[in-house]
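This is structure-v5.txt. It holds compact mmCIF, C-alpha atoms and all ligand atoms.
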# COMPACT_ATOMS: atom_id res chain seq x y z
CA MET A 740 10.60 111.56 -30.86
CA VAL A 741 10.56 115.30 -31.44
CA PHE A 742 7.35 116.29 -33.12
CA ARG A 743 4.54 115.41 -30.76
CA ASP A 744 1.01 116.51 -31.49
CA LYS A 745 0.99 119.02 -28.66
CA GLY A 746 -2.32 119.58 -26.91
CA SER A 747 -3.77 116.30 -28.13
CA LYS A 748 -4.94 113.65 -25.70
CA ILE A 749 -3.51 110.26 -24.91
CA ILE A 750 -5.33 107.78 -27.15
CA ILE A 751 -6.60 104.62 -25.43
CA LYS A 752 -6.55 102.08 -28.23
CA THR A 753 -9.37 99.69 -29.08
CA ASP A 754 -8.69 95.95 -29.36
CA GLU A 755 -8.78 96.26 -33.13
CA GLN A 756 -6.24 99.10 -33.09
CA ILE A 757 -4.03 97.17 -30.68
CA GLU A 758 -3.90 94.19 -33.03
CA GLY A 759 -2.94 96.52 -35.88
CA ILE A 760 -0.20 98.18 -33.82
CA ARG A 761 0.99 94.76 -32.70
CA LYS A 762 1.40 93.55 -36.29
CA SER A 763 3.24 96.71 -37.29
CA SER A 764 5.53 96.50 -34.25
CA ILE A 765 6.35 92.85 -35.02
CA LEU A 766 7.22 93.83 -38.60
CA ALA A 767 9.52 96.60 -37.31
CA GLY A 768 11.17 94.14 -34.90
CA ASN A 769 11.58 91.53 -37.63
CA THR A 770 13.20 94.16 -39.86
CA LEU A 771 15.91 94.68 -37.25
CA ASN A 772 16.65 90.96 -37.31
CA ILE A 773 16.66 90.83 -41.11
CA VAL A 774 19.35 93.51 -41.34
CA ALA A 775 21.54 92.09 -38.56
CA PRO A 776 23.62 89.64 -40.67
CA TYR A 777 24.60 92.40 -43.11
CA ILE A 778 26.26 94.50 -40.43
CA LYS A 779 30.00 94.09 -40.91
CA PRO A 780 33.11 96.17 -41.74
CA GLY A 781 33.03 97.88 -45.16
CA VAL A 782 29.23 97.92 -45.48
CA THR A 783 27.64 101.36 -45.92
CA THR A 784 24.75 102.54 -43.77
CA ASP A 785 22.90 103.23 -47.03
CA PHE A 786 23.10 99.52 -47.88
CA LEU A 787 21.64 98.60 -44.47
CA ASN A 788 18.87 101.13 -45.09
CA LYS A 789 18.16 99.47 -48.44
CA ILE A 790 17.86 96.02 -46.86
CA CYS A 791 15.40 97.36 -44.27
CA THR A 792 13.36 99.28 -46.82
CA GLU A 793 13.00 96.30 -49.16
CA TYR A 794 11.85 94.06 -46.32
CA ILE A 795 9.31 96.63 -45.10
CA ARG A 796 7.90 97.16 -48.62
CA ASP A 797 7.88 93.38 -49.35
CA ASN A 798 5.61 93.09 -46.33
CA HIS A 799 3.13 95.63 -47.69
CA ALA A 800 4.16 98.32 -45.23
CA LYS A 801 5.76 101.76 -45.50
CA PRO A 802 8.73 103.23 -43.68
CA ALA A 803 7.38 106.07 -41.51
CA THR A 804 10.44 108.31 -41.41
CA LEU A 805 10.71 108.98 -45.17
CA GLY A 806 9.45 112.52 -45.68
CA TYR A 807 8.49 112.92 -42.04
CA HIS A 808 9.06 116.62 -41.35
CA GLY A 809 11.39 116.44 -44.34
CA TYR A 810 13.53 113.53 -43.05
CA PRO A 811 15.19 112.11 -46.20
CA LYS A 812 15.50 108.34 -45.52
CA GLU A 813 13.54 105.21 -44.60
CA THR A 814 15.41 104.43 -41.35
CA CYS A 815 17.71 106.15 -38.87
CA ILE A 816 21.19 104.65 -38.45
CA SER A 817 23.26 106.28 -35.72
CA VAL A 818 26.94 105.33 -35.46
CA ASN A 819 29.25 105.87 -32.43
CA ASP A 820 28.83 109.47 -31.17
CA VAL A 821 25.56 109.91 -33.08
CA ILE A 822 22.77 109.92 -30.50
CA CYS A 823 19.83 109.58 -32.94
CA HIS A 824 18.49 110.59 -36.38
CA GLY A 825 21.64 109.47 -38.16
CA ILE A 826 20.90 109.61 -41.90
CA PRO A 827 21.96 106.46 -43.79
CA GLY A 828 24.62 107.31 -46.34
CA ALA A 829 28.04 106.53 -47.79
CA TYR A 830 29.74 105.92 -44.43
CA GLU A 831 31.42 102.50 -44.40
CA LEU A 832 31.26 100.63 -41.11
CA ARG A 833 34.60 99.91 -39.45
CA ASP A 834 35.85 97.41 -36.92
CA GLY A 835 34.99 98.72 -33.44
CA ASP A 836 31.93 100.78 -34.46
CA ILE A 837 28.69 100.62 -32.51
CA LEU A 838 25.43 101.59 -34.17
CA ASN A 839 21.72 101.92 -33.61
CA VAL A 840 19.24 100.99 -36.33
CA ASP A 841 15.80 102.55 -35.78
CA VAL A 842 12.85 101.28 -37.81
CA THR A 843 9.31 102.68 -37.80
CA THR A 844 6.72 100.91 -39.94
CA ILE A 845 3.23 101.85 -41.11
CA LEU A 846 1.23 98.68 -41.71
CA ASN A 847 -2.47 99.02 -42.56
CA GLY A 848 -2.24 102.55 -41.14
CA TYR A 849 -0.73 101.46 -37.81
CA PHE A 850 2.71 102.51 -36.53
CA GLY A 851 5.34 100.31 -34.86
CA ASP A 852 8.65 101.77 -33.69
CA THR A 853 11.73 99.93 -32.41
CA SER A 854 15.50 100.18 -32.45
CA LYS A 855 18.50 98.28 -31.18
CA MET A 856 22.28 98.41 -31.02
CA TYR A 857 24.69 96.42 -33.19
CA THR A 858 28.45 96.06 -33.04
CA VAL A 859 31.02 95.81 -35.82
CA GLY A 860 33.90 93.38 -35.33
CA ASN A 861 35.68 93.81 -32.02
CA ILE A 862 34.46 96.65 -29.84
CA THR A 863 36.02 97.98 -26.65
CA GLU A 864 34.88 96.73 -23.25
CA HIS A 865 33.82 100.27 -22.50
CA ALA A 866 31.52 100.38 -25.57
CA GLN A 867 30.01 96.98 -24.68
CA LYS A 868 29.32 98.18 -21.14
CA LEU A 869 27.49 101.28 -22.45
CA ILE A 870 25.35 99.05 -24.69
CA ASP A 871 24.56 96.62 -21.86
CA VAL A 872 23.61 99.43 -19.46
CA THR A 873 21.40 101.09 -22.09
CA LYS A 874 19.58 97.82 -22.78
CA GLU A 875 18.98 97.41 -19.05
CA CYS A 876 17.71 101.03 -18.89
CA LEU A 877 15.01 100.11 -21.41
CA ARG A 878 14.08 97.02 -19.38
CA LEU A 879 13.84 99.03 -16.16
CA GLY A 880 11.66 101.62 -17.92
CA ILE A 881 9.35 98.94 -19.30
CA GLN A 882 8.99 97.43 -15.82
CA GLN A 883 7.31 100.66 -14.63
CA CYS A 884 4.43 100.39 -17.10
CA TYR A 885 1.41 99.00 -15.25
CA PRO A 886 -1.98 100.55 -14.39
CA GLY A 887 -1.71 103.05 -11.54
CA SER A 888 1.99 103.71 -12.15
CA ARG A 889 2.97 107.01 -13.78
CA VAL A 890 5.04 108.13 -16.74
CA GLY A 891 7.62 109.84 -14.52
CA ASN A 892 8.62 106.50 -12.98
CA ILE A 893 10.19 105.46 -16.28
CA GLY A 894 12.65 108.35 -16.42
CA TYR A 895 13.29 108.17 -12.71
CA GLU A 896 14.46 104.55 -12.88
CA ILE A 897 16.40 104.99 -16.12
CA ASN A 898 18.27 108.06 -14.92
CA LYS A 899 19.07 106.50 -11.55
CA TYR A 900 20.53 103.40 -13.17
CA ALA A 901 22.48 105.10 -15.98
CA THR A 902 24.06 107.74 -13.76
CA SER A 903 25.20 105.07 -11.28
CA PHE A 904 27.70 104.04 -13.99
CA GLY A 905 28.83 107.62 -14.60
CA TYR A 906 26.79 107.83 -17.83
CA SER A 907 24.33 110.59 -18.71
CA VAL A 908 20.79 110.44 -20.08
CA VAL A 909 19.80 112.48 -23.15
CA TYR A 910 16.93 114.83 -22.22
CA GLU A 911 16.49 116.61 -25.57
CA PHE A 912 14.79 113.61 -27.23
CA CYS A 913 12.02 111.50 -25.69
CA GLY A 914 9.85 108.43 -26.14
CA HIS A 915 6.29 109.04 -27.30
CA GLY A 916 2.79 107.70 -27.70
CA VAL A 917 2.66 105.72 -30.95
CA GLY A 918 0.24 103.63 -32.99
CA ILE A 919 -2.38 105.74 -34.74
CA ARG A 920 0.20 108.42 -35.48
CA PHE A 921 4.00 108.45 -35.36
CA HIS A 922 4.36 110.76 -32.37
CA GLU A 923 1.41 110.99 -30.01
CA GLU A 924 0.92 112.01 -26.41
CA PRO A 925 2.33 111.30 -23.88
CA GLU A 926 5.93 112.39 -24.12
CA ILE A 927 8.11 109.85 -22.32
CA SER A 928 11.11 111.57 -20.77
CA HIS A 929 14.04 109.33 -19.87
CA VAL A 930 15.02 111.68 -17.03
CA ASP A 931 12.05 112.28 -14.76
CA GLU A 932 10.60 112.29 -11.27
CA LYS A 933 8.96 109.38 -9.47
CA GLY A 934 5.15 109.65 -9.26
CA LYS A 935 4.94 112.52 -11.75
CA GLY A 936 3.08 112.73 -15.06
CA ALA A 937 0.19 110.84 -16.64
CA GLU A 938 -1.13 107.63 -15.06
CA PHE A 939 -0.86 104.46 -17.13
CA LYS A 940 -4.15 102.97 -18.31
CA PRO A 941 -4.71 99.70 -20.19
CA GLY A 942 -4.78 100.37 -23.93
CA MET A 943 -2.06 103.03 -23.91
CA THR A 944 0.70 102.38 -26.47
CA PHE A 945 3.97 104.30 -26.47
CA THR A 946 7.69 103.92 -26.96
CA ILE A 947 10.49 103.94 -24.43
CA GLU A 948 13.80 104.73 -26.15
CA PRO A 949 16.55 105.79 -23.77
CA MET A 950 19.62 107.39 -25.29
CA ILE A 951 22.57 107.02 -22.92
CA ASN A 952 25.82 108.91 -23.35
CA ALA A 953 29.23 107.83 -22.11
CA GLY A 954 30.06 111.49 -21.42
CA LYS A 955 27.94 114.62 -21.26
CA ALA A 956 24.18 114.58 -21.91
CA ARG A 957 24.05 117.51 -24.31
CA CYS A 958 23.75 117.05 -28.05
CA LYS A 959 24.41 119.13 -31.11
CA ILE A 960 22.53 118.90 -34.39
CA ASP A 961 24.56 118.71 -37.59
CA ARG A 962 24.40 122.14 -39.22
CA LYS A 963 24.57 120.78 -42.75
CA ASP A 964 21.90 118.09 -42.68
CA GLY A 965 19.74 119.53 -39.89
CA TRP A 966 19.09 116.05 -38.42
CA THR A 967 22.10 114.12 -37.13
CA ALA A 968 22.28 114.55 -33.35
CA ARG A 969 25.78 114.00 -31.95
CA THR A 970 27.18 114.06 -28.44
CA ILE A 971 28.69 117.44 -27.60
CA ASP A 972 31.96 115.83 -26.44
CA GLY A 973 32.33 113.24 -29.21
CA LYS A 974 31.91 110.34 -26.77
CA LEU A 975 29.78 107.27 -27.53
CA SER A 976 26.00 107.11 -27.26
CA ALA A 977 23.69 104.07 -27.25
CA GLN A 978 19.94 103.55 -27.61
CA PHE A 979 17.33 100.79 -27.51
CA GLU A 980 13.61 101.27 -28.24
CA HIS A 981 10.44 99.21 -27.94
CA THR A 982 6.74 99.84 -28.52
CA ILE A 983 4.85 99.01 -25.32
CA LEU A 984 1.18 98.27 -24.58
CA VAL A 985 -0.15 98.83 -21.06
CA THR A 986 -2.40 95.91 -20.03
CA ASP A 987 -4.30 95.04 -16.83
CA THR A 988 -1.18 93.25 -15.68
CA ILE A 989 2.41 93.41 -16.95
CA PRO A 990 3.39 95.49 -19.98
CA ASP A 991 3.13 93.83 -23.39
CA VAL A 992 6.31 94.62 -25.35
CA LEU A 993 4.75 94.64 -28.82
CA SER A 994 8.01 94.93 -30.78
CA ASP A 995 9.83 92.20 -28.81
CA VAL A 996 10.21 89.55 -31.50
CA ASP A 997 13.17 87.97 -29.69
CA GLY A 998 11.13 86.75 -26.69
CA GLU A 999 13.21 88.80 -24.26
CA TYR A 1000 10.16 89.92 -22.28
CA PRO A 1001 7.44 87.83 -20.60
CA LYS A 1002 3.98 88.09 -22.20
CA PRO A 1003 1.03 89.18 -20.05
N1 LIG A 1101 12.12 106.51 -35.08
C1 LIG A 1101 12.45 107.70 -34.37
C2 LIG A 1101 11.78 107.61 -33.03
O1 LIG A 1101 12.08 106.70 -32.35
C3 LIG A 1101 11.99 108.95 -35.03
C4 LIG A 1101 12.72 109.36 -36.19
S1 LIG A 1101 11.98 110.82 -36.71
C5 LIG A 1101 12.82 111.19 -38.09
O2 LIG A 1101 10.92 108.33 -32.62
F1 LIG A 1101 12.20 112.19 -38.61
F2 LIG A 1101 14.04 111.44 -37.75
F3 LIG A 1101 12.81 110.17 -38.87
CO CO A 1102 10.30 106.40 -31.25
CO CO A 1103 12.31 104.89 -33.36

Show me this structure written as C-alpha cells.
Amino acid sequence: MVFRDKGSKIIIKTDEQIEGIRKSSILAGNTLNIVAPYIKPGVTTDFLNKICTEYIRDNHAKPATLGYHGYPKETCISVNDVICHGIPGAYELRDGDILNVDVTTILNGYFGDTSKMYTVGNITEHAQKLIDVTKECLRLGIQQCYPGSRVGNIGYEINKYATSFGYSVVYEFCGHGVGIRFHEEPEISHVDEKGKGAEFKPGMTFTIEPMINAGKARCKIDRKDGWTARTIDGKLSAQFEHTILVTDTIPDVLSDVDGEYPKP
C-alpha cells in the first residue's frame, strides 16, 4: 500500500503464477471468514490477530505483513477512526465499534491481499451507511477493470460515488499490483482521472482498497508506533480490499470467497 517497487514494470502473470495467486487470495479471503465469529465486545484485536495467524500457518502459508518494513504484526486491524495499518494489540472491542481486518498471505511464494469491515454489537446508522458506501466503492472500482480500460477509471468512479454522499477518499494510501511481491506496480489511486494511467491487460493482478472517510480525507500517523493512520478529525473511516485479475472479459475477483462477484 505504501512501499511500491518504484521504477519496476507491471508484471503480466503466467497461468501458473495466476493459479498460485488465486490460491493465496482464497486463503486470505477464508481467513477473514474464520475470524468473523470471534468479533464481539470485550475481545482484543490481538486475539483476532492470533486467530488469523494460526489459520494462515495451519494452511502452510505466512502472513506477509510481519516484519514488512518493520511492521510488527501478522495482520492490520483498524478500528473506528483508524484508516489503515492499525496494529493489533490490547484494545478491547466495544459495542458500536467498526473495524477493518486486513490479511495478506504468502502461499508457495504467492501473495493474496484482502480486507473487509466488521461491526461490533449495535452500530449507528451513520456508521453502517459509511460501510455500505465503501463496499460499493470497491465494486464500482472493480467494474472498471477490463482490457482497454485504464487505471485512472477506478479512482474516478470511486471518488465520484463517495463524494456524492459527502464522504472523502483517502489519497495518501493506494491499491497496488500484487502477487509475486507484496507491493508491485501499478499504484492504484482511489482518487483519479478518467482515461488516465496504465491500460489494463489480461494477466495483471492488483488490489483495489478504497479507504473512505466520513469527514476530511487527510490522515495522521501515530507518532509513537509510526504506523497507525488515523483520520485528522477523529471521524470514522472504512475500507474494503480485493485482489483482482484482469481477464479477456470481466475481472476475476480472486479473493472473493463469498461469491459476491460473477466469475468470468
Ligand atoms: N495489507 C496492506 C495493504 O493492503 C498493507 C499493510 S503493510 C504493513 O496493502 F506494513 F502495514 F503491514
Ligand atoms: Co493491499
Ligand atoms: Co491489505

#### Entry: One-decimal distance in Å that lies between atom CA of A:Leu879 and atom CA of A:Thr944
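So the answer is 17.0 Å.
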
For stretch 860-869 of chain A, please output as a tab-separated table (two decimals) with C-alpha atoms, in the coordinates of the input all residues within 10 Å (counting all atoms listed in the file; exclusion window: fewer than 2 positions along the same chain).
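Printed below is around_23.tsv as written:
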chain	number	residue	atom	x	y	z
A	778	ILE	CA	26.26	94.50	-40.43
A	779	LYS	CA	30.00	94.09	-40.91
A	780	PRO	CA	33.11	96.17	-41.74
A	819	ASN	CA	29.25	105.87	-32.43
A	832	LEU	CA	31.26	100.63	-41.11
A	833	ARG	CA	34.60	99.91	-39.45
A	834	ASP	CA	35.85	97.41	-36.92
A	835	GLY	CA	34.99	98.72	-33.44
A	836	ASP	CA	31.93	100.78	-34.46
A	837	ILE	CA	28.69	100.62	-32.51
A	857	TYR	CA	24.69	96.42	-33.19
A	858	THR	CA	28.45	96.06	-33.04
A	871	ASP	CA	24.56	96.62	-21.86
A	872	VAL	CA	23.61	99.43	-19.46
A	873	THR	CA	21.40	101.09	-22.09
A	874	LYS	CA	19.58	97.82	-22.78
A	875	GLU	CA	18.98	97.41	-19.05
A	901	ALA	CA	22.48	105.10	-15.98
A	904	PHE	CA	27.70	104.04	-13.99
A	906	TYR	CA	26.79	107.83	-17.83
A	951	ILE	CA	22.57	107.02	-22.92
A	952	ASN	CA	25.82	108.91	-23.35
A	953	ALA	CA	29.23	107.83	-22.11
A	975	LEU	CA	29.78	107.27	-27.53
A	976	SER	CA	26.00	107.11	-27.26
A	977	ALA	CA	23.69	104.07	-27.25
A	978	GLN	CA	19.94	103.55	-27.61

### Task
Throw together the list of residues within 7 Å of ligand CO 1103 (chain A), counting only C-alpha atoms and all ligand atoms, and drop it here as a list of chain:residue names.
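For ligand CO 1103 (chain A), the residues inside 7 Å are A:Asp841, A:Val842, A:Thr843, A:Asp852, A:Thr853, A:Ser854, A:Glu980.
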
For A:His824, work out the shell of residues within 9 Å, counting all atoms listed in the file and skipping chain neighbours fewer than 3 positions away, then give it as a PDB file with C-alpha atoms, in the frame of the given file.
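part_24.pdb, written as the output of this step:
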ATOM      1  CA  TYR A 810      13.530 113.530 -43.050  1.00  0.00           C
ATOM      2  CA  THR A 814      15.410 104.430 -41.350  1.00  0.00           C
ATOM      3  CA  CYS A 815      17.710 106.150 -38.870  1.00  0.00           C
ATOM      4  CA  ILE A 816      21.190 104.650 -38.450  1.00  0.00           C
ATOM      5  CA  SER A 817      23.260 106.280 -35.720  1.00  0.00           C
ATOM      6  CA  VAL A 821      25.560 109.910 -33.080  1.00  0.00           C
ATOM      7  CA  ASP A 841      15.800 102.550 -35.780  1.00  0.00           C
ATOM      8  CA  TRP A 966      19.090 116.050 -38.420  1.00  0.00           C
ATOM      9  CA  THR A 967      22.100 114.120 -37.130  1.00  0.00           C
ATOM     10  CA  ALA A 968      22.280 114.550 -33.350  1.00  0.00           C
TER      11      ALA A 968
END

Report the closest atom pair, with its distance in Å rounded to one decimal, for each residue of chain A that has an atom no farther than 10 Å from ligand CO 1102 (chain A); count only C-alpha atoms and all ligand atoms, sort by chain and then rising residue number, and write it as a Markdown table.
| residue | atom | partner | partner_atom | distance |
| --- | --- | --- | --- | --- |
| A:Met740 | CA | A:CO1102 | CO | 5.2 |
| A:Val741 | CA | A:CO1102 | CO | 8.9 |
| A:Asp841 | CA | A:CO1102 | CO | 8.1 |
| A:Val842 | CA | A:CO1102 | CO | 8.7 |
| A:Thr843 | CA | A:CO1102 | CO | 7.6 |
| A:Gly851 | CA | A:CO1102 | CO | 8.6 |
| A:Asp852 | CA | A:CO1102 | CO | 5.5 |
| A:Thr853 | CA | A:CO1102 | CO | 6.7 |
| A:Ser854 | CA | A:CO1102 | CO | 8.2 |
| A:Phe912 | CA | A:CO1102 | CO | 9.4 |
| A:Cys913 | CA | A:CO1102 | CO | 7.7 |
| A:Gly914 | CA | A:CO1102 | CO | 5.5 |
| A:His915 | CA | A:CO1102 | CO | 6.2 |
| A:Gly916 | CA | A:CO1102 | CO | 8.4 |
| A:Val917 | CA | A:CO1102 | CO | 7.7 |
| A:Phe921 | CA | A:CO1102 | CO | 7.8 |
| A:His922 | CA | A:CO1102 | CO | 7.5 |
| A:Ile927 | CA | A:CO1102 | CO | 9.8 |
| A:Phe945 | CA | A:CO1102 | CO | 8.2 |
| A:Thr946 | CA | A:CO1102 | CO | 5.6 |
| A:Ile947 | CA | A:CO1102 | CO | 7.3 |
| A:Glu948 | CA | A:CO1102 | CO | 6.4 |
| A:Pro949 | CA | A:CO1102 | CO | 9.8 |
| A:Phe979 | CA | A:CO1102 | CO | 9.7 |
| A:Glu980 | CA | A:CO1102 | CO | 6.8 |
| A:His981 | CA | A:CO1102 | CO | 7.9 |
| A:Thr982 | CA | A:CO1102 | CO | 7.9 |

### Task
Name the residues, using the chain letters and numbers of the file, that sit within 7 Å of (22.6, 102.2, -39.7) when counting all atoms listed in the file, and give them as a ChimeraX atom specification.
/A:784,787-788,815-818,827,838-840

### Task
Figure out the distance between atom CA of A:Asn847 and atom CA of A:Asp997, please, to one decimal in Å.
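Rounded to one decimal, the two atoms are 23.1 Å apart.
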
## Note on the structure
re atom CA of A:Asp820 and atom CA of A:Lys801: distance 28.2 Å

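Distances to A:Ala767 were evaluated for A:Gly918, A:Gly848, A:Pro802, A:Gly954 using all atoms listed in the file, and the minimum falls at A:Pro802.
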
### Task
Measuring atom to atom with all atoms listed in the file, identify which of A:Asp995, A:Asp964, A:Asp785, A:Asp987 is nearest to ligand LIG 1101 (chain A).
A:Asp964

### Query
From the set A:Ala803, A:Ile971, A:Ile881, A:Ile790, which residue has the shortest atom-to-atom contact distance to A:Tyr849, counting all atoms listed in the file?
A:Ala803

### Query
Of the residues A:Tyr900, A:Pro941, A:Thr804, A:Asp797, which is the one nearest to A:Ile989, using all atoms listed in the file?
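Of A:Tyr900, A:Pro941, A:Thr804, A:Asp797, the one nearest A:Ile989 is A:Pro941, counting all atoms listed in the file.
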
Quick one: axis-aligned box around all listed atoms of stretch 974-989 of chain A, 5 Å on every side, centre and edge lengths in Å to one decimal, written as AutoDock Vina command-line options.
--center_x 13.8 --center_y 101.8 --center_z -22.1 --size_x 46.2 --size_y 27.1 --size_z 22.8

### Query
Between A:Ser907, A:Thr844, A:Asn892, A:Gln756, which one has atoms that come closest to ligand LIG 1101 (chain A), using all atoms listed in the file?
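Nearest candidate to ligand LIG 1101 (chain A) out of A:Ser907, A:Thr844, A:Asn892, A:Gln756: A:Thr844.
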
### Task
Go through A:Phe850, A:Tyr777, A:Tyr895, A:Tyr794 and flag the residue nearest ligand LIG 1101 (chain A), using all atoms listed in the file for the distances.
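Of A:Phe850, A:Tyr777, A:Tyr895, A:Tyr794, the one nearest ligand LIG 1101 (chain A), counting all atoms listed in the file, is A:Phe850.
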
### Message
Need the shell around A:Glu758: protein/DNA/RNA residues with any atom at most 10 Å away, counting all atoms listed in the file. Skip same-chain ones fewer than 6 positions apart. Format as a list of chain:residue names?
### Response
A:Lys752, A:Ser764, A:Tyr849, A:Leu993
